[in-house]
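A.B. asks: The structure follows.
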Amino acid sequence: MLLTARNLSKHYGPRLLFSNITLGLEEGERVGLIGANGSGKSTLLRVFAGIEPPDEGELIARRGLRVAYVPQEDVFHPAQTCHEIITDAVDEHVDEHDREVRAYQLLDRANFVDPSAEAGSLSGGWRKRLAIVRQMAREPDLMLMDEPTNHLDLEGIEWLEDLIDAGKFATLIVSHDRRFLEETATRIIELSRAYPDGFLSHDGAYSAFVEKREEFMAAQQGRQQALASGVRREIEWLRRGAKARTTKAKGRIDRAHEMMADLADIKTRNTAQGSAKIDFNASQRQTKKLVRLENVAKAMGGRELFHDVTVTLSPKTKLGLLGPNGSGKSTLIKLIRGTLQPDSGTIVRADALKIVVFDQHREQLDPDQPLRRALSPNGDSLVVRGQPMHVTGWARRFLFRGEQLDLPVSELSGGEQARVLIARLMLQEADVLVLDEPTNDLDIPTLDVLESSLEEFAGAVLLVTHDRYLLDRLSTELLALDGEGGASMFASLDQWERSRSSDKPAKPTALPSKSPPAPTPPPAKPIAGKKLNWKDRRELETIEATIQAAEGRLAALQAESTDPTVVADFKKSRDAFAALGAAQAEVDRLYARWAELEKQSL
């Protein structure tokens, strides 16, 4: 066992975050830590990292255990170079030259083009990579990461997945990214007061955990119903004036009180799981084309971001926007909103178009404003869907407690600030919802509700997110910017991923090292004019039938991949698309082999 926690408890001011947490982390484990905002995930991670002491309980670590910790917010001296930062993190007992070489190796394997770049010049995504690499330089046995996919683009997330997959260290990662958890975790732990032990742990991927959780909650609901029936019987018995003089009667009275206490406890647990209530307000406009971009191009700072972008946003369109950091996603949003003009092409918007924007930088929020004014700017009463509501009721809908209403927005967590923005959006009537990284800091229950609300929204949605689970489930089409001026449309995330799989770099190793380039293979010898042997002739005679059978399997898998029951299940959907890709590759191989045999037979 690498690290064992025994009876950990922690308060945040007067509020209890978690109590009597006892669990262990084993060598090589990949653990995902989830839970609602405010459940204490980040605090527990800091306790494991030794940064915060628990109020009660103890940590028992294996002798010589090396623990690395990547917090949500990365702190670097802005003038320090990437290479200097990583060199400083390498074990000081290593020779200076070797430390510098190792720093270059680590940065190279993390795809840093310029190790001499200053930290202050990096984007959020590259700062996050740098923070992860800095901890990798410490050669940890256990890596603790708090929301590491925040700020990473999709390529960065895939890089991190490969890094974890190849690493020799164990990981404990706080994340709300469901696809990331599915790809990396071999065990899921959820912190929640809904569970008797304060958490639920299950070995397996995230999808397996979700099934386990549903089974557990259903069983707990059944236990509540059974206890309630038992308590009703005991109350009736007590009301009949049972004599407490006998030992038997005293024992039954004691058991009745224990049952009542158990029932109160389980009722509290069964109501502990809450999620925000999200319902966006569509304008119900009947216009078929809300926004139309035709051959749009834009360059910034002398660099072409994209060209020939043609796309239509209509009611019920859910357009996912993909691309690496700096590829022009934010610029395209400004073009659609009309705050920026294209260099060429046309953009046509419906008359009096109402566009509502979720800004990932949360610049719409005043950090000094109290929560009650952020939720209800014009007083303690507001109108929601034509109905008056007090701000306290509106706040409860987004899981805020009454005592938080006078707190300044700056004192709210990232997830709470995101919920404030969503609450403000819900008060605005919209034809087009533009959501720029709405999932950052949101907990999984809120993400589930957000996803359902966006599915039901009658207007158009433009979604910019690195949450592949949300993109896959929600998008009706995808527009991918490649960062080099190109823009392409895709029907699904799987299609986009397959289109770039051939360009994906090799997975990193746990301890990267420079290696000489692989020798160039000799050119293949031409086969034209080569006579067919008996085996080849037999293959040529039967290959058309083989291709027909392979195409039949491909068609069946295509039908299966669009089956609603498969699409709704992440694991089934992933497996179906993997099988579909393999079947398509087999058909392509057979056609290539047919052409080769025909050529040889000439």
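Letters for chains follow the order of the structure tokens (A, B, ...), residue numbers begin at 1 for each chain, and ligand numbers begin at 1 in the order shown.
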Would you list the contacts of stretch 544-560 of chain A as a PyMOL selection string, taking every protein, DNA or RNA residue within 12 Å and counting only C-alpha atoms, but skipping same-chain residues closer than 6 positions in sequence?
C.D. replies: chain A and resi 538+566-567+572-595+597-598
A.B. asks: Please identify all polymer residues within 9 Å of A:Leu421, counting only C-alpha atoms, omitting same-chain residues fewer than 3 positions from it, and present them as a list in words.
C.D. replies: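 The contact residues come out as Phe358, Asp359, Arg362, Gln364, Leu365, Ala374, Leu375, Glu416, Gln417, Ala418, Arg424, Leu425 and Met426 of chain A.
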A.B. asks: Determine which residues of stretch 144-179 of chain A DSSP labels as helix (DSSP H, G or I) from the backbone of this structure, then write them out as a PyMOL selection string.
C.D. replies: chain A and resi 154-166+178-179
A.B. asks: Considering only C-alpha atoms, can you say which of A:Ala205, A:Ala226, A:Leu44, A:Val434 comes closest to A:Lys354?
C.D. replies: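 The answer is A:Val434, which sits nearest to A:Lys354.
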A.B. asks: Between A:Leu3, A:Ser344, A:Asp406, A:Lys10, which residue has the minimum interatomic distance to A:Pro53, considering only C-alpha atoms?
C.D. replies: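 Between A:Leu3, A:Ser344, A:Asp406, A:Lys10, the residue approaching A:Pro53 most closely is A:Lys10.
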A.B. asks: Give me the residues near A:Leu142 as a VMD selection string, where near means some atom within 10 Å (using only C-alpha atoms) and where sequence neighbours in that chain fewer than 2 positions away do not count.
C.D. replies: chain A and resid 2 to 3 25 to 30 49 65 to 69 139 to 140 144 to 145 168 to 172
